Amino acid sequence: MVQMAIPRGKWIGVRVKRVEDPRFLTGDARYLADLRLPRMVHAAFVRSPYGHARVRGIDVSAARQAPGVVAVLTHADVAALPPLLDPIPLEGLKKTPQRVLAGDKVRFAGEPVAVVIAEDRYLAEDAAELVQVDYEPLPAVTDAEAAMADGAPLLFEDLGSNVVYDQTYRFGDPDAAFRQADRVFKKRLHTNRFMASPMETRGCMGSYDPGLGELTFWSSTQMPHMLRFSLALFLGIPEQKVRVISPAVGGGFGQKMTLYPEEIAVAFLARHLRRPVKWVEDRRENLLAATHGKEQIIELEAAVSNDGTLLGLRSVCIGDGGGYSFNTASALVEPQAAALLMPGLYRVAHYETRVVAVVTNKAPVGAYRAVGWTAGHTARELLFDEIARELGLDPAAFREKNMLRADELPYTTCTGMVYDSGSYVESLQAALKAVDYDALRARQAELRQQGRYLGIGVSPYVEPTAWGSEIALQVGFPFPSHDNARVSVEPSGKVTVAVSTHSHGQGHETTLAQIAADTLGVDLADVTVLFGDTATAPWGMGTYASRTAVIGGGTVALAAQEVRQKILTIAGRLLEADPADLVLADGTVSVQGAPDRSKTIAEIAIASYFDNSVRAAGEDPTLTATRFYDPKATYSNGCIVVVAEVDAETGQVRLARVVSVEDCGTVLNPMIVDGQIHGAIAQGIGGALYEHLVYDDSGQLLTGTFMDYLLPTTTEVPPIQVEHLETPSPVTVGGIKGMGEGGLLASPAAVAGAVLDALAPFNPQVEALPLSPERVLRAIGKIAD
Amino acid sequence: MKPPSFDYFDPTTLDEAVALLAQHGSDAKVLAGGQSLVPMLNLRLARPAVLVDLNWVAGLDYVRAENGHVAVGALARQRAVERAAEVRQRQPLLGEAIRLIGHPAVRNRGTVVGSLAHADPAAELPAVAVALGAELVVAGPSGRRVVAADDFFVSYLTVDLAPDELLVEARFPALPARTGWAIAEVARRFGDFAVAGVVATLTLDAQGSATDARIGLFGVADRPLRATAAERALLGQPPDDARIAAATEAVRAALVDAPTDVHASGAYRRHVAGVLVGRALSEARQRAQAAG
Ligand SMILES: Cc1cc2nc3c(=O)[nH]c(=O)nc-3n(C[C@H](O)[C@H](O)[C@H](O)COP(=O)(O)OP(=O)(O)OC[C@H]3O[C@@H](n4cnc5c(N)ncnc54)[C@H](O)[C@@H]3O)c2cc1C
């Protein structure tokens, strides 16, 4: 039962070229860094060089006198601003207030301590060097387990501990499952800290109009309305007098969900100085101080019977949250998400998990594409590979045996997630077929004889999507989530769609227009999608967590449906026909069976707005509707298979093939789905093999530039083959499921799994990622200390 | 990531450039392709008060075959050298080494001579220069001098150049007859500086015995190294697998202090340098035999 079908016309499901791309490709798009205002000044932040230190004093006198300097502010100047806090209402979660500019203590290298405003960024950076901060370095703690130990240096003395959350959840009867097990397998995995690295870094600009008392704030953000709400609260400006505009945004991946101290400082300064203030983050700052992601220490145990039936799981998920339990979603965002999705798409009735969130002297962790799920999924899939090897089972067969079949869906997992529909076994089989799995296994055996090591990694996944209130609860973050769209057919018959969801690379100007065009029977070129400006977009949460196709798409479909009814009503009157007998297509409404009795949408619109005779008294003349949507939970799924060859002498890995089978329900635009998968898998390859934010024991980031923080490039990412399955959701508008994160959720496990499968003859032991050449050689004992 | 302020000069002759360096001494830095210097300026790791831009000096962008070597002028871009017929014919190892530097966009600007002057110990070209016995031509206020590559590289980013001197030319000896060559490296990604790398040449006599063996190592010390013990282990005999294994062991024995950084430990570098020496020598042997 599809909750509401979307009329299918020419657009949905078609590989429509992205309507936004010409302006991005020609350089006409205007990013934050492109914006200029008269009298604008520039901010540079003074950042802590220490991972952990007391701030004994700050001398800004030399900086204030430097050429071109307009102002230098420290905590003393902004002490009246409230601290940043995470908003998650979970019992037992301790709060770690963060000052906009550090007060008496810094807790990670890169934390803002002061801000310099100058006529240009060069002068601001020159003056920032002159700010003298008297630090008393403190012992740092950069490992989550060390931070939990007695006597560890404390980041927040008043909390008495670095542990901000520690809860155990039990589902079913895990003890009984482990008692019944023939075998118990264990795995420890320390997943690497890596980060979103959007092509456009963070940045913002504030302009305050003292006459109107209004703040206009441009920010490279994913959530304009939430930012507006926060700025109003922090600065004490009435919310209706704050306008947030997010111009073209060059990627977010979760990093731009967060409210950042830099944003509050810039907004504050714009009002304080009565001059527009702009801050464009540079790459070094982004690596140092934008949210990091993905780091957890996971201990996982599986209870298994001799025939390979999975009986139960136990896990401990320790999230390394960095210096502050961060404000969008707290240090819990990693371990809580990992823990609750740990059963994945497997039949697991009995499960116990301990979720721990810890603060350490590193940059705060926030959401990054498939937050939490990547680490948990990777630990589980690598454990499953080890189980299959130990039991002498084929790893794909072991998975298939324990996987939920289509006839078992809908299925409520032991942790309370309701899988609405899916194609788990079918996706696995399709992916294996695409790589010709049996032939590959034969080839693997043949190459081993020649001393060459080829491996296959198989990573089937389920992906929570459609982040509304229900799924937020199911995945462990009980925070209401919903959105709005306003669809208007203008008097000329052209269509304006204004949405509260955001687009920062995903192509929503195209996909949402496809939905509106099909519902209203118009040409795609006649639809414009507006977003990213709180003055024009209806209120809503923004874009994150693979939610926009479902929620944004749903709101557009619902609002467009309402407008469609209005059009048919007016057309019925103009054509003297029953609206039920009308056909709407190609910009024209005609009478079923009598195509010459027709009116164009433009004629209908003109009549609706300007001809009172077609309306009853009091009837709304505008062809516009605003609708909200807070969908039921829906889950996408798929399977990624990676083929890798490993050089067992140098530890280098070459990826030979990547295949992704994706089922995101109704496919709005296969090309855009392909693109989301390509990008997410590239990030997953980075996470599995290259990207690692490394800190030394004192809390110094050792990988602070793109020379050392290694993003995969075109030479590291092989062609990615994508296949689509389509199992529409029975519970969402149009059967749409979200997608976008699955590639990063599942590909690190596939890549690491392929490497370890290649090295199976050496019985590789891996407890941490990424699989650098050195870690590969150590895993197989080729080098030792 | 904005550089501190500096004065900028754009001399059009070498004499003018040298005079500017003499005037500003250690406050000045030469700007060639900027592929190393500009990032260092932006990160404020280099803070010269004065930049002397060589890019407007005429006549420095040559690649010439002369007197048994290939001469590369200070402004010859890596990409041009990589593609030059003189290099392909006389010193293919140089062209192959350049191909491992960054990406085409980097090589379109970066210069061969700038890479030598910069002396990153993980860079390919200093090791090529050391292994081949290249000569470097230095210009200063009192004229020109020629330095052997082996003497030029002092330590990490440090070379035998006075503040008022600049490098005008590098001379790479042409490959002798019956010589095979190879370059092998492990880099984290294609185009990165090497974690460890090896260049090798092997010259055989008519009987197939090695009359000359040259092995240069990069990424494994604070400067490019010649693996002299390994070279000696190869001389006077046909370079069979046992000899190559002996050379591998000699290289590992010499690298007890290989450096550790975020990308690899000293132990990894030492192990992999041995692997790469073995591979490079096998490939060089094959080429030498084919050439003979
Ligand atoms: C993304 C990227 C990847 C790279 N990858 C590699 C790699 O894999 N391997 C590698 O070897 N290199 C790599 N490089 C560095 C590149 O090779 C540089 O071009 C080279 O190191 C310096 O040459 P340049 O002409 O750009 O010199 P510049 O950057 O202009 O100068 C570098 C230094 O040399 C000095 N200098 C330059 N020319 C002279 C001269 N004639 N006389 C005296 N001093 C001089 C300058 O004062 C400066 O100190 C990479 C660079 C980038 C940006």
# chains A, B, ... in the order shown; residues from 1 in each chain; ligands from 1
$ interface_residues --of "chain B" --to "chain A" --cutoff "12 Å" --atoms "only C-alpha atoms" --output "ChimeraX atom specification"
/B:1-6,36,39-40,42-44,47,102-103,184-197,260-279
$ select_by_dssp --residues "region 72-191 of chain A" --states "strand (DSSP E)" --output "PDB file with N, CA, C and O atoms, in the first residue's frame"
ATOM      1  N   VAL A  72      39.880  43.479  17.839  1.00  0.00           N
ATOM      2  CA  VAL A  72      40.362  42.181  18.309  1.00  0.00           C
ATOM      3  C   VAL A  72      39.522  41.819  19.519  1.00  0.00           C
ATOM      4  O   VAL A  72      39.427  42.600  20.467  1.00  0.00           O
ATOM      5  N   LEU A  73      38.892  40.667  19.471  1.00  0.00           N
ATOM      6  CA  LEU A  73      38.012  40.271  20.569  1.00  0.00           C
ATOM      7  C   LEU A  73      38.487  38.970  21.198  1.00  0.00           C
ATOM      8  O   LEU A  73      38.984  38.084  20.506  1.00  0.00           O
ATOM      9  N   THR A  74      38.303  38.883  22.490  1.00  0.00           N
ATOM     10  CA  THR A  74      38.578  37.636  23.202  1.00  0.00           C
ATOM     11  C   THR A  74      37.333  37.272  24.000  1.00  0.00           C
ATOM     12  O   THR A  74      36.322  37.983  23.953  1.00  0.00           O
ATOM     13  N   LYS A 105      40.119  27.906  29.457  1.00  0.00           N
ATOM     14  CA  LYS A 105      40.733  26.643  29.082  1.00  0.00           C
ATOM     15  C   LYS A 105      40.522  26.354  27.602  1.00  0.00           C
ATOM     16  O   LYS A 105      39.480  26.713  27.053  1.00  0.00           O
ATOM     17  N   VAL A 106      41.504  25.727  26.980  1.00  0.00           N
ATOM     18  CA  VAL A 106      41.303  25.213  25.620  1.00  0.00           C
ATOM     19  C   VAL A 106      41.363  23.696  25.671  1.00  0.00           C
ATOM     20  O   VAL A 106      42.141  23.130  26.441  1.00  0.00           O
ATOM     21  N   PRO A 112      39.009  28.187  18.815  1.00  0.00           N
ATOM     22  CA  PRO A 112      39.152  29.643  18.700  1.00  0.00           C
ATOM     23  C   PRO A 112      39.331  30.296  20.071  1.00  0.00           C
ATOM     24  O   PRO A 112      38.580  30.011  21.003  1.00  0.00           O
ATOM     25  N   VAL A 113      40.335  31.157  20.153  1.00  0.00           N
ATOM     26  CA  VAL A 113      40.668  31.835  21.413  1.00  0.00           C
ATOM     27  C   VAL A 113      40.428  33.337  21.291  1.00  0.00           C
ATOM     28  O   VAL A 113      40.110  34.011  22.252  1.00  0.00           O
ATOM     29  N   ALA A 114      40.632  33.849  20.079  1.00  0.00           N
ATOM     30  CA  ALA A 114      40.416  35.279  19.839  1.00  0.00           C
ATOM     31  C   ALA A 114      40.084  35.438  18.366  1.00  0.00           C
ATOM     32  O   ALA A 114      40.285  34.519  17.572  1.00  0.00           O
ATOM     33  N   VAL A 115      39.546  36.598  18.041  1.00  0.00           N
ATOM     34  CA  VAL A 115      39.251  36.853  16.631  1.00  0.00           C
ATOM     35  C   VAL A 115      39.723  38.262  16.282  1.00  0.00           C
ATOM     36  O   VAL A 115      39.536  39.197  17.063  1.00  0.00           O
ATOM     37  N   VAL A 116      40.375  38.344  15.136  1.00  0.00           N
ATOM     38  CA  VAL A 116      40.892  39.627  14.653  1.00  0.00           C
ATOM     39  C   VAL A 116      40.088  40.034  13.432  1.00  0.00           C
ATOM     40  O   VAL A 116      39.850  39.221  12.537  1.00  0.00           O
ATOM     41  N   ILE A 117      39.670  41.293  13.434  1.00  0.00           N
ATOM     42  CA  ILE A 117      38.948  41.829  12.284  1.00  0.00           C
ATOM     43  C   ILE A 117      39.824  42.889  11.644  1.00  0.00           C
ATOM     44  O   ILE A 117      40.314  43.796  12.322  1.00  0.00           O
ATOM     45  N   ALA A 118      40.038  42.750  10.333  1.00  0.00           N
ATOM     46  CA  ALA A 118      40.896  43.722   9.648  1.00  0.00           C
ATOM     47  C   ALA A 118      40.350  43.986   8.257  1.00  0.00           C
ATOM     48  O   ALA A 118      39.413  43.321   7.798  1.00  0.00           O
ATOM     49  N   GLN A 132      49.052  37.723  21.926  1.00  0.00           N
ATOM     50  CA  GLN A 132      49.883  36.951  22.854  1.00  0.00           C
ATOM     51  C   GLN A 132      48.983  36.227  23.842  1.00  0.00           C
ATOM     52  O   GLN A 132      48.331  36.866  24.664  1.00  0.00           O
ATOM     53  N   VAL A 133      48.961  34.915  23.760  1.00  0.00           N
ATOM     54  CA  VAL A 133      48.152  34.145  24.703  1.00  0.00           C
ATOM     55  C   VAL A 133      49.101  33.440  25.669  1.00  0.00           C
ATOM     56  O   VAL A 133      50.048  32.784  25.243  1.00  0.00           O
ATOM     57  N   ASP A 134      48.834  33.615  26.951  1.00  0.00           N
ATOM     58  CA  ASP A 134      49.654  32.966  27.966  1.00  0.00           C
ATOM     59  C   ASP A 134      49.005  31.630  28.325  1.00  0.00           C
ATOM     60  O   ASP A 134      48.018  31.579  29.053  1.00  0.00           O
ATOM     61  N   TYR A 135      49.546  30.569  27.749  1.00  0.00           N
ATOM     62  CA  TYR A 135      48.983  29.241  27.986  1.00  0.00           C
ATOM     63  C   TYR A 135      49.784  28.508  29.055  1.00  0.00           C
ATOM     64  O   TYR A 135      51.015  28.595  29.078  1.00  0.00           O
ATOM     65  N   GLU A 136      49.072  27.753  29.869  1.00  0.00           N
ATOM     66  CA  GLU A 136      49.751  26.791  30.736  1.00  0.00           C
ATOM     67  C   GLU A 136      49.380  25.410  30.219  1.00  0.00           C
ATOM     68  O   GLU A 136      48.266  24.935  30.432  1.00  0.00           O
ATOM     69  N   PRO A 137      50.297  24.784  29.492  1.00  0.00           N
ATOM     70  CA  PRO A 137      49.946  23.497  28.889  1.00  0.00           C
ATOM     71  C   PRO A 137      49.587  22.469  29.960  1.00  0.00           C
ATOM     72  O   PRO A 137      50.209  22.429  31.019  1.00  0.00           O
ATOM     73  N   VAL A 163      33.843  10.784  30.573  1.00  0.00           N
ATOM     74  CA  VAL A 163      32.757   9.997  29.972  1.00  0.00           C
ATOM     75  C   VAL A 163      31.471  10.811  30.066  1.00  0.00           C
ATOM     76  O   VAL A 163      31.032  11.161  31.151  1.00  0.00           O
ATOM     77  N   VAL A 164      30.885  11.143  28.920  1.00  0.00           N
ATOM     78  CA  VAL A 164      29.667  11.953  28.954  1.00  0.00           C
ATOM     79  C   VAL A 164      28.411  11.101  28.786  1.00  0.00           C
ATOM     80  O   VAL A 164      27.300  11.582  28.986  1.00  0.00           O
ATOM     81  N   TYR A 165      28.589   9.839  28.437  1.00  0.00           N
ATOM     82  CA  TYR A 165      27.424   8.958  28.308  1.00  0.00           C
ATOM     83  C   TYR A 165      27.920   7.532  28.427  1.00  0.00           C
ATOM     84  O   TYR A 165      28.953   7.183  27.846  1.00  0.00           O
ATOM     85  N   ASP A 166      27.201   6.723  29.171  1.00  0.00           N
ATOM     86  CA  ASP A 166      27.592   5.319  29.316  1.00  0.00           C
ATOM     87  C   ASP A 166      26.343   4.543  29.697  1.00  0.00           C
ATOM     88  O   ASP A 166      25.911   4.590  30.841  1.00  0.00           O
ATOM     89  N   GLN A 167      25.745   3.882  28.741  1.00  0.00           N
ATOM     90  CA  GLN A 167      24.496   3.165  28.987  1.00  0.00           C
ATOM     91  C   GLN A 167      24.566   1.802  28.308  1.00  0.00           C
ATOM     92  O   GLN A 167      25.144   1.677  27.231  1.00  0.00           O
ATOM     93  N   THR A 168      23.960   0.848  28.939  1.00  0.00           N
ATOM     94  CA  THR A 168      23.880  -0.478  28.328  1.00  0.00           C
ATOM     95  C   THR A 168      22.418  -0.762  27.974  1.00  0.00           C
ATOM     96  O   THR A 168      21.523  -0.508  28.774  1.00  0.00           O
ATOM     97  N   TYR A 169      22.211  -1.215  26.765  1.00  0.00           N
ATOM     98  CA  TYR A 169      20.866  -1.562  26.307  1.00  0.00           C
ATOM     99  C   TYR A 169      20.836  -3.070  26.031  1.00  0.00           C
ATOM    100  O   TYR A 169      21.775  -3.611  25.447  1.00  0.00           O
ATOM    101  N   ARG A 170      19.740  -3.700  26.437  1.00  0.00           N
ATOM    102  CA  ARG A 170      19.601  -5.149  26.163  1.00  0.00           C
ATOM    103  C   ARG A 170      18.338  -5.392  25.345  1.00  0.00           C
ATOM    104  O   ARG A 170      17.293  -4.837  25.655  1.00  0.00           O
ATOM    105  N   PHE A 171      18.488  -6.198  24.340  1.00  0.00           N
ATOM    106  CA  PHE A 171      17.351  -6.525  23.473  1.00  0.00           C
ATOM    107  C   PHE A 171      17.265  -8.043  23.394  1.00  0.00           C
ATOM    108  O   PHE A 171      18.262  -8.693  23.090  1.00  0.00           O
ATOM    109  N   ARG A 183      29.979 -21.537  19.009  1.00  0.00           N
ATOM    110  CA  ARG A 183      31.214 -20.757  18.909  1.00  0.00           C
ATOM    111  C   ARG A 183      30.906 -19.300  19.223  1.00  0.00           C
ATOM    112  O   ARG A 183      29.840 -18.796  18.884  1.00  0.00           O
ATOM    113  N   VAL A 184      31.859 -18.636  19.824  1.00  0.00           N
ATOM    114  CA  VAL A 184      31.761 -17.186  20.037  1.00  0.00           C
ATOM    115  C   VAL A 184      32.979 -16.547  19.396  1.00  0.00           C
ATOM    116  O   VAL A 184      34.120 -16.981  19.615  1.00  0.00           O
ATOM    117  N   PHE A 185      32.731 -15.580  18.554  1.00  0.00           N
ATOM    118  CA  PHE A 185      33.821 -14.880  17.864  1.00  0.00           C
ATOM    119  C   PHE A 185      33.876 -13.443  18.347  1.00  0.00           C
ATOM    120  O   PHE A 185      32.844 -12.823  18.590  1.00  0.00           O
ATOM    121  N   LYS A 186      35.093 -12.919  18.435  1.00  0.00           N
ATOM    122  CA  LYS A 186      35.255 -11.554  18.943  1.00  0.00           C
ATOM    123  C   LYS A 186      36.089 -10.738  17.977  1.00  0.00           C
ATOM    124  O   LYS A 186      36.981 -11.270  17.314  1.00  0.00           O
ATOM    125  N   LYS A 187      35.785  -9.478  17.952  1.00  0.00           N
ATOM    126  CA  LYS A 187      36.621  -8.585  17.142  1.00  0.00           C
ATOM    127  C   LYS A 187      36.693  -7.232  17.808  1.00  0.00           C
ATOM    128  O   LYS A 187      35.696  -6.710  18.314  1.00  0.00           O
ATOM    129  N   ARG A 188      37.873  -6.666  17.763  1.00  0.00           N
ATOM    130  CA  ARG A 188      38.058  -5.281  18.214  1.00  0.00           C
ATOM    131  C   ARG A 188      38.451  -4.471  16.986  1.00  0.00           C
ATOM    132  O   ARG A 188      39.290  -4.884  16.187  1.00  0.00           O
ATOM    133  N   LEU A 189      37.820  -3.310  16.824  1.00  0.00           N
ATOM    134  CA  LEU A 189      38.194  -2.452  15.694  1.00  0.00           C
ATOM    135  C   LEU A 189      38.192  -0.995  16.143  1.00  0.00           C
ATOM    136  O   LEU A 189      37.191  -0.482  16.649  1.00  0.00           O
ATOM    137  N   HIS A 190      39.318  -0.366  15.949  1.00  0.00           N
ATOM    138  CA  HIS A 190      39.423   1.074  16.202  1.00  0.00           C
ATOM    139  C   HIS A 190      39.321   1.755  14.828  1.00  0.00           C
ATOM    140  O   HIS A 190      40.255   1.700  14.035  1.00  0.00           O
ATOM    141  N   THR A 191      38.162   2.314  14.564  1.00  0.00           N
ATOM    142  CA  THR A 191      37.990   2.935  13.248  1.00  0.00           C
ATOM    143  C   THR A 191      38.649   4.307  13.252  1.00  0.00           C
ATOM    144  O   THR A 191      38.659   5.006  14.261  1.00  0.00           O
TER     145      THR A 191
END
$ residues_near_ligand --ligand "ligand 1" --cutoff "7 Å" --atoms "only C-alpha atoms and all ligand atoms" --output "PyMOL selection string"
chain B and resi 29-38+74+100-103+106-107+109-115+117-118+120+122-125+165-168+191-194
$ residues_around --residues "region 12-14 of chain A" --least-positions-apart "4" --cutoff "9 Å" --atoms "only C-alpha atoms" --output "PyMOL selection string"
chain A and resi 8+511+514-515+517-518+666-671
$ write_last_selection --atoms "C-alpha atoms" --output "JSON list (two decimals), in the first residue's frame"
[["chain", "number", "residue", "atom", "x", "y", "z"],
["A", 8, "ARG", "CA", 4.03, 9.68, -13.29],
["A", 511, "THR", "CA", 14.82, 16.01, -8.52],
["A", 514, "GLN", "CA", 10.91, 16.46, -11.56],
["A", 515, "ILE", "CA", 8.30, 15.65, -8.92],
["A", 517, "ALA", "CA", 6.62, 18.76, -13.11],
["A", 518, "ASP", "CA", 5.06, 15.31, -13.15],
["A", 666, "THR", "CA", 11.30, 4.80, -6.37],
["A", 667, "VAL", "CA", 14.27, 6.18, -8.31],
["A", 668, "LEU", "CA", 13.65, 9.83, -9.13],
["A", 669, "ASN", "CA", 16.74, 10.27, -11.29],
["A", 670, "PRO", "CA", 19.12, 7.35, -11.80],
["A", 671, "MET", "CA", 21.98, 9.63, -12.82]]
$ residues_around --residues "Ala210 (chain B)" --least-positions-apart "2" --cutoff "9 Å" --atoms "only C-alpha atoms" --output "list in words"
Leu202, Thr203, Leu204, Asp205, Gln207, Gly208, Asp212, Ala213, Leu234, Leu235, Gly236, Gln237, Pro238 and Pro239 of chain B
$ write_last_selection --atoms "N, CA and C atoms" --output "PDB file, in the first residue's frame"
ATOM      1  N   LEU B 202      72.287  -0.184 -14.141  1.00  0.00           N
ATOM      2  CA  LEU B 202      73.244  -1.298 -14.195  1.00  0.00           C
ATOM      3  C   LEU B 202      73.881  -1.282 -15.567  1.00  0.00           C
ATOM      4  N   THR B 203      75.206  -1.271 -15.602  1.00  0.00           N
ATOM      5  CA  THR B 203      75.918  -1.339 -16.877  1.00  0.00           C
ATOM      6  C   THR B 203      76.641  -2.682 -16.937  1.00  0.00           C
ATOM      7  N   LEU B 204      76.448  -3.388 -18.042  1.00  0.00           N
ATOM      8  CA  LEU B 204      77.029  -4.723 -18.183  1.00  0.00           C
ATOM      9  C   LEU B 204      78.104  -4.710 -19.250  1.00  0.00           C
ATOM     10  N   ASP B 205      79.092  -5.587 -19.091  1.00  0.00           N
ATOM     11  CA  ASP B 205      80.065  -5.735 -20.183  1.00  0.00           C
ATOM     12  C   ASP B 205      79.558  -6.808 -21.147  1.00  0.00           C
ATOM     13  N   GLN B 207      80.263  -9.761 -21.501  1.00  0.00           N
ATOM     14  CA  GLN B 207      80.027 -11.068 -20.874  1.00  0.00           C
ATOM     15  C   GLN B 207      78.832 -11.045 -19.920  1.00  0.00           C
ATOM     16  N   GLY B 208      78.293  -9.868 -19.735  1.00  0.00           N
ATOM     17  CA  GLY B 208      77.135  -9.795 -18.852  1.00  0.00           C
ATOM     18  C   GLY B 208      77.487  -9.480 -17.412  1.00  0.00           C
ATOM     19  N   ASP B 212      79.267  -1.304 -13.813  1.00  0.00           N
ATOM     20  CA  ASP B 212      78.875  -0.122 -13.038  1.00  0.00           C
ATOM     21  C   ASP B 212      77.480  -0.388 -12.474  1.00  0.00           C
ATOM     22  N   ALA B 213      77.283  -0.024 -11.237  1.00  0.00           N
ATOM     23  CA  ALA B 213      75.948  -0.125 -10.631  1.00  0.00           C
ATOM     24  C   ALA B 213      75.737   1.140  -9.824  1.00  0.00           C
ATOM     25  N   LEU B 234      77.430  -5.721  -6.336  1.00  0.00           N
ATOM     26  CA  LEU B 234      77.001  -6.124  -7.682  1.00  0.00           C
ATOM     27  C   LEU B 234      78.138  -6.154  -8.694  1.00  0.00           C
ATOM     28  N   LEU B 235      79.208  -5.463  -8.397  1.00  0.00           N
ATOM     29  CA  LEU B 235      80.234  -5.244  -9.424  1.00  0.00           C
ATOM     30  C   LEU B 235      81.034  -6.506  -9.744  1.00  0.00           C
ATOM     31  N   GLY B 236      81.443  -6.605 -11.009  1.00  0.00           N
ATOM     32  CA  GLY B 236      82.381  -7.639 -11.410  1.00  0.00           C
ATOM     33  C   GLY B 236      81.761  -9.010 -11.651  1.00  0.00           C
ATOM     34  N   GLN B 237      80.476  -9.138 -11.537  1.00  0.00           N
ATOM     35  CA  GLN B 237      79.789 -10.419 -11.729  1.00  0.00           C
ATOM     36  C   GLN B 237      78.512 -10.161 -12.507  1.00  0.00           C
ATOM     37  N   PRO B 238      77.972 -11.207 -13.088  1.00  0.00           N
ATOM     38  CA  PRO B 238      76.629 -11.010 -13.643  1.00  0.00           C
ATOM     39  C   PRO B 238      75.649 -10.777 -12.471  1.00  0.00           C
ATOM     40  N   PRO B 239      74.752  -9.837 -12.618  1.00  0.00           N
ATOM     41  CA  PRO B 239      73.830  -9.522 -11.512  1.00  0.00           C
ATOM     42  C   PRO B 239      72.708 -10.556 -11.419  1.00  0.00           C
TER      43      PRO B 239
END
$ select_by_dssp --residues "region 182-401 of chain A" --states "alpha helix (DSSP H)" --output "VMD selection string"
chain A and resid 224 to 235 261 to 273 283 to 289 333 to 341 373 to 391 395 to 401
$ residues_around --residues "Glu283 (chain B)" --least-positions-apart "6" --cutoff "10 Å" --atoms "only C-alpha atoms" --output "short mmCIF file (atom, residue, chain, number, x, y, z; two decimals) with all heavy atoms, in the first residue's frame"
data_model
loop_
_atom_site.label_atom_id
_atom_site.label_comp_id
_atom_site.auth_asym_id
_atom_site.auth_seq_id
_atom_site.Cartn_x
_atom_site.Cartn_y
_atom_site.Cartn_z
N GLY B 180 71.05 -0.58 -18.19
CA GLY B 180 69.61 -0.65 -17.90
C GLY B 180 69.31 0.25 -16.71
O GLY B 180 70.21 0.58 -15.93
N TRP B 181 68.08 0.63 -16.58
CA TRP B 181 67.72 1.58 -15.51
C TRP B 181 66.33 1.26 -15.00
O TRP B 181 65.56 0.58 -15.68
CB TRP B 181 67.76 3.02 -16.05
CG TRP B 181 66.87 3.16 -17.27
CD1 TRP B 181 67.22 2.94 -18.56
CD2 TRP B 181 65.48 3.48 -17.26
NE1 TRP B 181 66.14 3.11 -19.39
CE2 TRP B 181 65.05 3.45 -18.62
CE3 TRP B 181 64.56 3.80 -16.28
CZ2 TRP B 181 63.73 3.73 -18.99
CZ3 TRP B 181 63.25 4.08 -16.64
CH2 TRP B 181 62.84 4.04 -18.00
N ALA B 182 66.02 1.78 -13.84
CA ALA B 182 64.66 1.63 -13.31
C ALA B 182 64.46 2.60 -12.15
O ALA B 182 65.42 3.01 -11.50
CB ALA B 182 64.41 0.21 -12.83
N ILE B 183 63.22 2.94 -11.95
CA ILE B 183 62.85 3.68 -10.75
C ILE B 183 61.64 2.99 -10.14
O ILE B 183 60.73 2.58 -10.86
CB ILE B 183 62.57 5.17 -11.04
CG1 ILE B 183 62.15 5.90 -9.75
CG2 ILE B 183 61.53 5.36 -12.14
CD1 ILE B 183 62.23 7.42 -9.84
N ALA B 184 61.66 2.83 -8.85
CA ALA B 184 60.54 2.19 -8.15
C ALA B 184 60.30 2.93 -6.85
O ALA B 184 61.24 3.30 -6.17
CB ALA B 184 60.88 0.72 -7.86
N ALA B 200 67.87 3.05 -9.99
CA ALA B 200 69.02 2.17 -10.20
C ALA B 200 69.43 2.16 -11.66
O ALA B 200 68.58 2.25 -12.54
CB ALA B 200 68.68 0.74 -9.75
N THR B 201 70.74 2.06 -11.89
CA THR B 201 71.22 1.76 -13.23
C THR B 201 72.24 0.62 -13.11
O THR B 201 72.93 0.50 -12.10
CB THR B 201 71.92 2.96 -13.92
OG1 THR B 201 73.12 3.26 -13.21
CG2 THR B 201 71.02 4.18 -13.96
N LEU B 202 72.29 -0.18 -14.14
CA LEU B 202 73.24 -1.30 -14.19
C LEU B 202 73.88 -1.28 -15.57
O LEU B 202 73.18 -1.29 -16.58
CB LEU B 202 72.51 -2.63 -14.06
CG LEU B 202 72.39 -3.32 -12.70
CD1 LEU B 202 71.64 -4.62 -12.89
CD2 LEU B 202 73.78 -3.57 -12.10
N VAL B 277 64.63 -2.02 -4.04
CA VAL B 277 65.95 -2.21 -4.63
C VAL B 277 65.95 -3.49 -5.46
O VAL B 277 66.42 -3.52 -6.60
CB VAL B 277 67.05 -2.24 -3.54
CG1 VAL B 277 68.34 -2.83 -4.10
CG2 VAL B 277 67.30 -0.84 -3.00
N GLN B 289 70.22 -6.11 -20.32
CA GLN B 289 70.42 -7.29 -21.18
C GLN B 289 69.79 -7.07 -22.54
O GLN B 289 70.36 -7.41 -23.57
CB GLN B 289 69.84 -8.53 -20.48
CG GLN B 289 70.73 -8.98 -19.33
CD GLN B 289 70.03 -9.94 -18.36
OE1 GLN B 289 68.83 -10.15 -18.45
NE2 GLN B 289 70.80 -10.52 -17.45
#
